[in-house]
>>> print(open('structure19.json').read())   # JSON, C-alpha atoms
[["chain", "number", "residue", "atom", "x", "y", "z"],
["A", 1287, "MET", "CA", 101.89, -24.44, -79.13],
["A", 1288, "GLN", "CA", 100.62, -21.06, -77.92],
["A", 1289, "LEU", "CA", 97.64, -21.24, -80.28],
["A", 1290, "ARG", "CA", 96.90, -24.76, -79.13],
["A", 1291, "SER", "CA", 97.06, -23.64, -75.51],
["A", 1292, "HIS", "CA", 94.50, -20.91, -76.17],
["A", 1293, "LEU", "CA", 92.25, -23.36, -77.98],
["A", 1294, "LEU", "CA", 92.54, -25.85, -75.13],
["A", 1295, "SER", "CA", 91.65, -23.14, -72.65],
["A", 1296, "ALA", "CA", 88.55, -22.14, -74.57],
["A", 1297, "LEU", "CA", 87.48, -25.73, -75.06],
["A", 1298, "ALA", "CA", 88.10, -26.55, -71.42],
["A", 1299, "VAL", "CA", 85.97, -23.67, -70.15],
["A", 1300, "ALA", "CA", 83.21, -24.53, -72.60],
["A", 1301, "ALA", "CA", 83.31, -28.18, -71.62],
["A", 1302, "GLY", "CA", 83.26, -27.24, -67.95],
["A", 1303, "LEU", "CA", 80.18, -25.09, -68.42],
["A", 1304, "VAL", "CA", 78.34, -27.80, -70.34],
["A", 1305, "LEU", "CA", 79.24, -30.53, -67.91],
["A", 1306, "GLY", "CA", 78.49, -28.27, -64.96],
["A", 1307, "VAL", "CA", 74.96, -27.74, -66.25],
["A", 1308, "THR", "CA", 74.57, -31.48, -66.75],
["A", 1309, "GLY", "CA", 75.74, -32.04, -63.19],
["A", 1310, "CYS", "CA", 73.13, -29.63, -61.83],
["A", 1311, "THR", "CA", 70.25, -31.18, -63.73],
["A", 1312, "GLY", "CA", 71.36, -34.76, -63.22],
["A", 1313, "SER", "CA", 70.28, -35.72, -66.73],
["A", 1314, "ALA", "CA", 71.80, -38.80, -68.41],
["A", 1315, "ARG", "CA", 73.83, -39.57, -65.31],
["A", 1316, "SER", "CA", 74.23, -42.46, -62.96],
["A", 1317, "PRO", "CA", 73.41, -41.62, -59.32],
["A", 1318, "ARG", "CA", 76.32, -39.96, -57.57],
["A", 1319, "PRO", "CA", 77.09, -38.69, -54.07],
["A", 1320, "ALA", "CA", 75.28, -35.44, -53.32],
["A", 1321, "HIS", "CA", 77.82, -34.08, -50.83],
["A", 1322, "GLU", "CA", 80.19, -31.21, -51.44],
["A", 1323, "VAL", "CA", 83.94, -31.53, -50.98],
["A", 1324, "GLY", "CA", 85.89, -28.80, -49.22],
["A", 1325, "GLY", "CA", 82.83, -26.57, -48.90],
["A", 1326, "LYS", "CA", 82.59, -25.81, -52.63],
["A", 1327, "ALA", "CA", 81.66, -27.55, -55.84],
["A", 1328, "GLU", "CA", 84.28, -29.97, -57.14],
["A", 1329, "LEU", "CA", 86.24, -29.07, -60.27],
["A", 1330, "TYR", "CA", 87.95, -32.18, -61.59],
["A", 1331, "VAL", "CA", 90.59, -31.94, -64.31],
["A", 1332, "ALA", "CA", 92.09, -35.02, -65.98],
["A", 1333, "LEU", "CA", 95.57, -34.90, -67.52],
["A", 1334, "GLY", "CA", 97.11, -37.63, -69.65],
["A", 1335, "GLY", "CA", 97.13, -39.44, -72.96],
["A", 1336, "ASP", "CA", 95.12, -42.10, -74.76],
["A", 1337, "ASP", "CA", 93.70, -43.78, -71.65],
["A", 1338, "VAL", "CA", 92.34, -40.44, -70.43],
["A", 1339, "ALA", "CA", 91.23, -39.03, -73.78],
["A", 1340, "GLY", "CA", 89.21, -42.14, -74.61],
["A", 1341, "ASP", "CA", 87.02, -42.27, -77.70],
["A", 1342, "ARG", "CA", 86.19, -38.65, -78.58],
["A", 1343, "ARG", "CA", 83.19, -39.79, -80.59],
["A", 1344, "ARG", "CA", 81.44, -41.16, -77.50],
["A", 1345, "PHE", "CA", 83.54, -39.64, -74.68],
["A", 1346, "THR", "CA", 82.18, -42.20, -72.22],
["A", 1347, "ASP", "CA", 84.92, -44.81, -72.66],
["A", 1348, "SER", "CA", 87.63, -43.03, -70.70],
["A", 1349, "TRP", "CA", 88.10, -43.94, -67.07],
["A", 1350, "PRO", "CA", 87.98, -40.27, -65.88],
["A", 1351, "GLN", "CA", 84.50, -39.97, -67.35],
["A", 1352, "LEU", "CA", 83.43, -43.12, -65.51],
["A", 1353, "LEU", "CA", 84.98, -41.76, -62.33],
["A", 1354, "PHE", "CA", 83.18, -38.45, -62.73],
["A", 1355, "ARG", "CA", 79.78, -39.99, -63.47],
["A", 1356, "THR", "CA", 79.73, -42.39, -60.54],
["A", 1357, "ASN", "CA", 81.97, -41.06, -57.76],
["A", 1358, "LEU", "CA", 81.96, -37.26, -57.69],
["A", 1359, "PRO", "CA", 79.27, -34.96, -56.26],
["A", 1360, "VAL", "CA", 76.29, -34.11, -58.46],
["A", 1361, "SER", "CA", 77.44, -30.47, -58.49],
["A", 1362, "ALA", "CA", 80.92, -31.38, -59.77],
["A", 1363, "THR", "CA", 82.37, -30.19, -63.07],
["A", 1364, "PHE", "CA", 84.72, -32.29, -65.19],
["A", 1365, "VAL", "CA", 87.25, -30.99, -67.74],
["A", 1366, "ASN", "CA", 89.27, -33.50, -69.77],
["A", 1367, "LEU", "CA", 92.46, -31.90, -71.08],
["A", 1368, "ALA", "CA", 94.10, -35.11, -72.29],
["A", 1369, "GLY", "CA", 95.33, -35.60, -75.83],
["A", 1370, "PRO", "CA", 96.02, -38.74, -77.87],
["A", 1371, "ARG", "CA", 99.55, -40.11, -77.40],
["A", 1372, "GLU", "CA", 100.51, -37.37, -74.98],
["A", 1373, "GLY", "CA", 102.92, -38.12, -72.16],
["A", 1374, "ALA", "CA", 104.52, -36.11, -69.38],
["A", 1375, "GLU", "CA", 106.28, -33.63, -71.68],
["A", 1376, "ALA", "CA", 103.05, -32.71, -73.50],
["A", 1377, "ILE", "CA", 101.15, -32.58, -70.23],
["A", 1378, "ARG", "CA", 103.69, -30.14, -68.82],
["A", 1379, "GLY", "CA", 103.83, -27.96, -71.91],
["A", 1380, "ASP", "CA", 100.29, -28.08, -73.29],
["A", 1381, "GLN", "CA", 97.80, -29.36, -70.71],
["A", 1382, "LEU", "CA", 99.18, -27.99, -67.44],
["A", 1383, "PRO", "CA", 98.91, -24.24, -68.25],
["A", 1384, "THR", "CA", 95.18, -24.59, -68.90],
["A", 1385, "ALA", "CA", 94.71, -26.72, -65.78],
["A", 1386, "LEU", "CA", 96.41, -24.06, -63.66],
["A", 1387, "ARG", "CA", 94.18, -21.33, -65.07],
["A", 1388, "LEU", "CA", 91.11, -23.38, -64.14],
["A", 1389, "ARG", "CA", 92.37, -23.81, -60.54],
["A", 1390, "PRO", "CA", 90.78, -27.24, -59.93],
["A", 1391, "ASN", "CA", 90.53, -28.89, -56.54],
["A", 1392, "LEU", "CA", 91.00, -32.41, -57.96],
["A", 1393, "VAL", "CA", 93.45, -33.49, -60.66],
["A", 1394, "SER", "CA", 94.34, -36.93, -61.99],
["A", 1395, "VAL", "CA", 97.51, -37.73, -63.94],
["A", 1396, "THR", "CA", 98.51, -40.89, -65.81],
["A", 1397, "LEU", "CA", 101.52, -41.35, -68.08],
["A", 1398, "LEU", "CA", 100.83, -44.65, -69.84],
["A", 1399, "ASP", "CA", 101.83, -43.33, -73.26],
["A", 1400, "ASP", "CA", 105.34, -42.62, -71.96],
["A", 1401, "LEU", "CA", 105.76, -46.26, -70.98],
["A", 1402, "GLU", "CA", 104.31, -47.58, -74.22],
["A", 1403, "ARG", "CA", 106.69, -45.56, -76.41],
["A", 1404, "GLY", "CA", 109.73, -45.92, -74.16],
["A", 1405, "THR", "CA", 110.27, -42.33, -73.05],
["A", 1406, "PRO", "CA", 113.62, -42.11, -71.21],
["A", 1407, "PRO", "CA", 113.07, -42.42, -67.42],
["A", 1408, "VAL", "CA", 115.03, -39.24, -66.72],
["A", 1409, "THR", "CA", 112.62, -37.31, -68.96],
["A", 1410, "VAL", "CA", 109.54, -38.77, -67.27],
["A", 1411, "ARG", "CA", 110.93, -37.98, -63.82],
["A", 1412, "ARG", "CA", 111.83, -34.41, -64.75],
["A", 1413, "ASP", "CA", 108.52, -33.56, -66.37],
["A", 1414, "LEU", "CA", 106.36, -35.28, -63.74],
["A", 1415, "ALA", "CA", 108.22, -33.53, -60.94],
["A", 1416, "GLU", "CA", 107.58, -30.16, -62.59],
["A", 1417, "ILE", "CA", 103.90, -30.99, -63.16],
["A", 1418, "LEU", "CA", 103.43, -31.91, -59.51],
["A", 1419, "ARG", "CA", 105.41, -28.91, -58.27],
["A", 1420, "ARG", "CA", 103.23, -26.46, -60.17],
["A", 1421, "LEU", "CA", 99.97, -28.18, -59.34],
["A", 1422, "GLY", "CA", 100.97, -28.19, -55.69],
["A", 1423, "GLN", "CA", 100.93, -24.39, -55.72],
["A", 1424, "VAL", "CA", 97.14, -24.36, -56.16],
["A", 1425, "ASP", "CA", 95.36, -23.92, -52.81],
["A", 1426, "GLY", "CA", 93.24, -26.84, -51.68],
["A", 1427, "ILE", "CA", 94.16, -29.08, -54.61],
["A", 1428, "ARG", "CA", 94.30, -32.88, -54.46],
["A", 1429, "VAL", "CA", 96.54, -34.51, -57.06],
["A", 1430, "LEU", "CA", 96.25, -38.23, -57.80],
["A", 1431, "VAL", "CA", 98.88, -39.94, -59.97],
["A", 1432, "GLY", "CA", 98.29, -43.42, -61.33],
["A", 1433, "THR", "CA", 100.91, -46.09, -61.90],
["A", 1434, "ALA", "CA", 100.97, -48.14, -65.09],
["A", 1435, "PRO", "CA", 98.60, -51.12, -64.89],
["A", 1436, "PRO", "CA", 99.49, -54.65, -66.07],
["A", 1437, "ASN", "CA", 99.56, -55.30, -69.81],
["A", 1438, "THR", "CA", 101.11, -51.91, -70.46],
["A", 1439, "GLY", "CA", 104.45, -52.61, -72.09],
["A", 1440, "SER", "CA", 106.70, -55.41, -70.86],
["A", 1441, "GLU", "CA", 106.44, -56.33, -67.19],
["A", 1442, "GLU", "CA", 110.10, -55.44, -66.57],
["A", 1443, "ALA", "CA", 109.67, -52.02, -68.15],
["A", 1444, "ARG", "CA", 106.39, -51.46, -66.30],
["A", 1445, "LEU", "CA", 107.91, -52.17, -62.90],
["A", 1446, "ALA", "CA", 110.88, -49.87, -63.59],
["A", 1447, "PHE", "CA", 108.51, -47.16, -64.85],
["A", 1448, "ASN", "CA", 106.30, -47.47, -61.77],
["A", 1449, "ALA", "CA", 109.32, -47.15, -59.50],
["A", 1450, "ILE", "CA", 110.13, -43.82, -61.17],
["A", 1451, "VAL", "CA", 106.54, -42.58, -60.88],
["A", 1452, "SER", "CA", 106.24, -43.73, -57.25],
["A", 1453, "GLY", "CA", 109.47, -42.07, -56.20],
["A", 1454, "THR", "CA", 108.54, -38.80, -57.88],
["A", 1455, "VAL", "CA", 105.07, -38.76, -56.33],
["A", 1456, "ARG", "CA", 106.43, -39.51, -52.85],
["A", 1457, "ALA", "CA", 108.72, -36.48, -53.14],
["A", 1458, "ALA", "CA", 105.75, -34.22, -53.98],
["A", 1459, "ASN", "CA", 102.47, -33.28, -52.34],
["A", 1460, "ALA", "CA", 100.47, -35.87, -54.27],
["A", 1461, "ARG", "CA", 98.86, -39.28, -53.79],
["A", 1462, "LEU", "CA", 99.94, -42.38, -55.67],
["A", 1463, "VAL", "CA", 97.17, -44.59, -57.09],
["A", 1464, "ASN", "CA", 98.31, -48.19, -57.52],
["A", 1465, "LEU", "CA", 96.74, -49.64, -60.67],
["A", 1466, "ASP", "CA", 98.09, -53.19, -60.32],
["A", 1467, "GLY", "CA", 94.51, -54.42, -59.97],
["A", 1468, "ALA", "CA", 93.48, -53.12, -63.41],
["A", 1469, "ARG", "CA", 94.26, -56.39, -65.17],
["A", 1470, "ALA", "CA", 91.36, -56.69, -67.61],
["A", 1471, "THR", "CA", 92.19, -56.90, -71.30],
["A", 1472, "ASP", "CA", 88.75, -55.65, -72.34],
["A", 1473, "PRO", "CA", 89.15, -51.83, -72.69],
["A", 1474, "GLN", "CA", 85.84, -50.95, -71.05],
["A", 1475, "ILE", "CA", 86.34, -53.26, -68.06],
["A", 1476, "ARG", "CA", 89.90, -52.01, -67.70],
["A", 1477, "ALA", "CA", 88.67, -48.39, -67.73],
["A", 1478, "GLN", "CA", 86.20, -49.22, -64.97],
["A", 1479, "GLN", "CA", 88.91, -50.89, -62.90],
["A", 1480, "ILE", "CA", 91.12, -47.81, -63.20],
["A", 1481, "ALA", "CA", 88.19, -45.54, -62.30],
["A", 1482, "ASP", "CA", 87.45, -47.68, -59.24],
["A", 1483, "ALA", "CA", 91.08, -47.44, -58.07],
["A", 1484, "PHE", "CA", 91.02, -43.65, -58.35],
["A", 1485, "ALA", "CA", 87.66, -43.55, -56.56],
["A", 1486, "ARG", "CA", 89.13, -45.44, -53.61],
["A", 1487, "ALA", "CA", 92.05, -43.01, -53.50],
["A", 1488, "ILE", "CA", 89.65, -40.05, -53.49],
["A", 1489, "ARG", "CA", 87.73, -41.48, -50.56],
["A", 1490, "ARG", "CA", 90.99, -41.89, -48.61],
["A", 1491, "SER", "CA", 92.30, -38.40, -49.45]]
>>> encode(input="structure19.json", output="structure tokens")
Amino acid sequence: MQLRSHLLSALAVAAGLVLGVTGCTGSARSPRPAHEVGGKAELYVALGGDDVAGDRRRFTDSWPQLLFRTNLPVSATFVNLAGPREGAEAIRGDQLPTALRLRPNLVSVTLLDDLERGTPPVTVRRDLAEILRRLGQVDGIRVLVGTAPPNTGSEEARLAFNAIVSGTVRAANARLVNLDGARATDPQIRAQQIADAFARAIRRS
């Protein structure tokens, strides 16, 4: 795990530098807001599992990438620390240390893989609370946590899972992003719906 953490750190910094250069030149990008947030360039870090990691071959299918391309300032940098099938426990142990070293001012978190594989609620609550506690120690940070959208597990399990996530987020210095509107079954449309929900939350934060 320590080796993986070092590798993630190196990859994250390299990805940030590459994406930062792309943001400055504006090449291969959709138009985005030109304003700065908080008086400095935005550093956006995405934490999560399959929905965040997307297709590594193209890297444009994940909703954080869509969010970054269309809703963050042109000077923003994006680092995707997500891993396939990683839930709250892996985020806390593997992704969070690198995120803290980067000291971002915007972080998104989704835990859909935990719902899909039936992670015990007590485990999700414990790990998410620790993730939010540690992120909350970063000055000037905004943390957005998404609920599970429809068609993720059974509806009964989804509602119970979202109650756990909502309660944990309310107890922390974070903003809940309701993804009930992300109902599309097409993966690309669904990713855009999730990105749009996070974009609205950013504008309100």
>>> residues_around(input="structure19.json", residues="Ile1377 (chain A)", least_positions_apart="3", cutoff="12 Å", atoms="only C-alpha atoms", output="PDB file with C-alpha atoms, keeping the file's coordinate frame")
ATOM      1  CA  SER A1291      97.060 -23.640 -75.510  1.00  0.00           C
ATOM      2  CA  LEU A1294      92.540 -25.850 -75.130  1.00  0.00           C
ATOM      3  CA  ALA A1332      92.090 -35.020 -65.980  1.00  0.00           C
ATOM      4  CA  LEU A1333      95.570 -34.900 -67.520  1.00  0.00           C
ATOM      5  CA  GLY A1334      97.110 -37.630 -69.650  1.00  0.00           C
ATOM      6  CA  GLY A1335      97.130 -39.440 -72.960  1.00  0.00           C
ATOM      7  CA  VAL A1338      92.340 -40.440 -70.430  1.00  0.00           C
ATOM      8  CA  ASN A1366      89.270 -33.500 -69.770  1.00  0.00           C
ATOM      9  CA  LEU A1367      92.460 -31.900 -71.080  1.00  0.00           C
ATOM     10  CA  ALA A1368      94.100 -35.110 -72.290  1.00  0.00           C
ATOM     11  CA  GLY A1369      95.330 -35.600 -75.830  1.00  0.00           C
ATOM     12  CA  PRO A1370      96.020 -38.740 -77.870  1.00  0.00           C
ATOM     13  CA  ARG A1371      99.550 -40.110 -77.400  1.00  0.00           C
ATOM     14  CA  GLU A1372     100.510 -37.370 -74.980  1.00  0.00           C
ATOM     15  CA  GLY A1373     102.920 -38.120 -72.160  1.00  0.00           C
ATOM     16  CA  ALA A1374     104.520 -36.110 -69.380  1.00  0.00           C
ATOM     17  CA  ASP A1380     100.290 -28.080 -73.290  1.00  0.00           C
ATOM     18  CA  GLN A1381      97.800 -29.360 -70.710  1.00  0.00           C
ATOM     19  CA  LEU A1382      99.180 -27.990 -67.440  1.00  0.00           C
ATOM     20  CA  PRO A1383      98.910 -24.240 -68.250  1.00  0.00           C
ATOM     21  CA  THR A1384      95.180 -24.590 -68.900  1.00  0.00           C
ATOM     22  CA  ALA A1385      94.710 -26.720 -65.780  1.00  0.00           C
ATOM     23  CA  LEU A1386      96.410 -24.060 -63.660  1.00  0.00           C
ATOM     24  CA  SER A1394      94.340 -36.930 -61.990  1.00  0.00           C
ATOM     25  CA  VAL A1395      97.510 -37.730 -63.940  1.00  0.00           C
ATOM     26  CA  THR A1396      98.510 -40.890 -65.810  1.00  0.00           C
ATOM     27  CA  LEU A1397     101.520 -41.350 -68.080  1.00  0.00           C
ATOM     28  CA  ASP A1399     101.830 -43.330 -73.260  1.00  0.00           C
ATOM     29  CA  ASP A1400     105.340 -42.620 -71.960  1.00  0.00           C
ATOM     30  CA  VAL A1410     109.540 -38.770 -67.270  1.00  0.00           C
ATOM     31  CA  ASP A1413     108.520 -33.560 -66.370  1.00  0.00           C
ATOM     32  CA  LEU A1414     106.360 -35.280 -63.740  1.00  0.00           C
ATOM     33  CA  ALA A1415     108.220 -33.530 -60.940  1.00  0.00           C
ATOM     34  CA  GLU A1416     107.580 -30.160 -62.590  1.00  0.00           C
ATOM     35  CA  ILE A1417     103.900 -30.990 -63.160  1.00  0.00           C
ATOM     36  CA  LEU A1418     103.430 -31.910 -59.510  1.00  0.00           C
ATOM     37  CA  ARG A1420     103.230 -26.460 -60.170  1.00  0.00           C
ATOM     38  CA  LEU A1421      99.970 -28.180 -59.340  1.00  0.00           C
TER      39      LEU A1421
END
>>> closest_residue(input="structure19.json", among="A:Ile1475, A:Val1408, A:Ala1458, A:Leu1353", to="Ile1488 (chain A)", atoms="all atoms listed in the file")
A:Leu1353
>>> atom_distance(input="structure19.json", atom1="CA of Val1429 (chain A)", atom2="CA of Val1393 (chain A)")
4.9 Å
>>> closest_residue(input="structure19.json", among="A:Tyr1330, A:Trp1349, A:Phe1364, A:Phe1447", to="Arg1476 (chain A)", atoms="all atoms listed in the file")
A:Trp1349
>>> closest_residue(input="structure19.json", among="A:Val1360, A:Val1424, A:Ala1457, A:Ala1481", to="Glu1328 (chain A)", atoms="only C-alpha atoms")
A:Val1360
>>> closest_residue(input="structure19.json", among="A:Ala1468, A:Thr1454, A:Ala1477, A:Arg1486", to="Gln1351 (chain A)", atoms="only C-alpha atoms")
A:Ala1477
>>> closest_residue(input="structure19.json", among="A:Thr1471, A:Ser1491, A:Asn1448, A:Asn1464", to="Arg1428 (chain A)", atoms="all atoms listed in the file")
A:Ser1491
>>> atom_distance(input="structure19.json", atom1="CA of Gly1467 (chain A)", atom2="CA of Asp1337 (chain A)")
15.8 Å
>>> build_atoms(input="structure19.json", residues="region 1362-1377 of chain A", atoms="N, CA, C and O atoms", output="PDB file, in the frame of the given file")
ATOM      1  N   ALA A1362      79.545 -31.444 -59.264  1.00  0.00           N
ATOM      2  CA  ALA A1362      80.920 -31.380 -59.770  1.00  0.00           C
ATOM      3  C   ALA A1362      80.955 -31.059 -61.258  1.00  0.00           C
ATOM      4  O   ALA A1362      80.008 -31.308 -62.005  1.00  0.00           O
ATOM      5  N   THR A1363      82.087 -30.485 -61.663  1.00  0.00           N
ATOM      6  CA  THR A1363      82.370 -30.190 -63.070  1.00  0.00           C
ATOM      7  C   THR A1363      83.613 -30.966 -63.474  1.00  0.00           C
ATOM      8  O   THR A1363      84.559 -31.088 -62.695  1.00  0.00           O
ATOM      9  N   PHE A1364      83.609 -31.484 -64.701  1.00  0.00           N
ATOM     10  CA  PHE A1364      84.720 -32.290 -65.190  1.00  0.00           C
ATOM     11  C   PHE A1364      85.266 -31.681 -66.479  1.00  0.00           C
ATOM     12  O   PHE A1364      84.504 -31.396 -67.401  1.00  0.00           O
ATOM     13  N   VAL A1365      86.578 -31.481 -66.544  1.00  0.00           N
ATOM     14  CA  VAL A1365      87.250 -30.990 -67.740  1.00  0.00           C
ATOM     15  C   VAL A1365      88.355 -31.979 -68.105  1.00  0.00           C
ATOM     16  O   VAL A1365      89.255 -32.231 -67.303  1.00  0.00           O
ATOM     17  N   ASN A1366      88.278 -32.544 -69.296  1.00  0.00           N
ATOM     18  CA  ASN A1366      89.270 -33.500 -69.770  1.00  0.00           C
ATOM     19  C   ASN A1366      90.225 -32.793 -70.723  1.00  0.00           C
ATOM     20  O   ASN A1366      89.848 -32.420 -71.833  1.00  0.00           O
ATOM     21  N   LEU A1367      91.463 -32.604 -70.274  1.00  0.00           N
ATOM     22  CA  LEU A1367      92.460 -31.900 -71.080  1.00  0.00           C
ATOM     23  C   LEU A1367      93.408 -32.834 -71.809  1.00  0.00           C
ATOM     24  O   LEU A1367      94.346 -32.384 -72.467  1.00  0.00           O
ATOM     25  N   ALA A1368      93.187 -34.139 -71.708  1.00  0.00           N
ATOM     26  CA  ALA A1368      94.100 -35.110 -72.290  1.00  0.00           C
ATOM     27  C   ALA A1368      94.112 -35.054 -73.804  1.00  0.00           C
ATOM     28  O   ALA A1368      93.137 -34.625 -74.436  1.00  0.00           O
ATOM     29  N   GLY A1369      95.211 -35.518 -74.379  1.00  0.00           N
ATOM     30  CA  GLY A1369      95.330 -35.600 -75.830  1.00  0.00           C
ATOM     31  C   GLY A1369      95.885 -36.943 -76.234  1.00  0.00           C
ATOM     32  O   GLY A1369      96.655 -37.566 -75.489  1.00  0.00           O
ATOM     33  N   PRO A1370      95.519 -37.449 -77.402  1.00  0.00           N
ATOM     34  CA  PRO A1370      96.020 -38.740 -77.870  1.00  0.00           C
ATOM     35  C   PRO A1370      97.547 -38.780 -77.918  1.00  0.00           C
ATOM     36  O   PRO A1370      98.191 -37.847 -78.390  1.00  0.00           O
ATOM     37  N   ARG A1371      98.104 -39.846 -77.377  1.00  0.00           N
ATOM     38  CA  ARG A1371      99.550 -40.110 -77.400  1.00  0.00           C
ATOM     39  C   ARG A1371     100.357 -39.044 -76.684  1.00  0.00           C
ATOM     40  O   ARG A1371     101.534 -38.829 -77.001  1.00  0.00           O
ATOM     41  N   GLU A1372      99.788 -38.408 -75.710  1.00  0.00           N
ATOM     42  CA  GLU A1372     100.510 -37.370 -74.980  1.00  0.00           C
ATOM     43  C   GLU A1372     101.010 -37.901 -73.632  1.00  0.00           C
ATOM     44  O   GLU A1372     100.248 -38.473 -72.859  1.00  0.00           O
ATOM     45  N   GLY A1373     102.300 -37.693 -73.392  1.00  0.00           N
ATOM     46  CA  GLY A1373     102.920 -38.120 -72.160  1.00  0.00           C
ATOM     47  C   GLY A1373     103.265 -36.920 -71.281  1.00  0.00           C
ATOM     48  O   GLY A1373     102.710 -35.824 -71.443  1.00  0.00           O
ATOM     49  N   ALA A1374     104.215 -37.123 -70.378  1.00  0.00           N
ATOM     50  CA  ALA A1374     104.520 -36.110 -69.380  1.00  0.00           C
ATOM     51  C   ALA A1374     104.992 -34.797 -70.000  1.00  0.00           C
ATOM     52  O   ALA A1374     104.645 -33.715 -69.520  1.00  0.00           O
ATOM     53  N   GLU A1375     105.770 -34.872 -71.067  1.00  0.00           N
ATOM     54  CA  GLU A1375     106.280 -33.630 -71.680  1.00  0.00           C
ATOM     55  C   GLU A1375     105.134 -32.794 -72.246  1.00  0.00           C
ATOM     56  O   GLU A1375     105.085 -31.576 -72.050  1.00  0.00           O
ATOM     57  N   ALA A1376     104.192 -33.438 -72.941  1.00  0.00           N
ATOM     58  CA  ALA A1376     103.050 -32.710 -73.500  1.00  0.00           C
ATOM     59  C   ALA A1376     102.109 -32.231 -72.398  1.00  0.00           C
ATOM     60  O   ALA A1376     101.530 -31.145 -72.505  1.00  0.00           O
ATOM     61  N   ILE A1377     101.972 -33.021 -71.356  1.00  0.00           N
ATOM     62  CA  ILE A1377     101.150 -32.580 -70.230  1.00  0.00           C
ATOM     63  C   ILE A1377     101.730 -31.307 -69.632  1.00  0.00           C
ATOM     64  O   ILE A1377     101.011 -30.334 -69.378  1.00  0.00           O
TER      65      ILE A1377
END
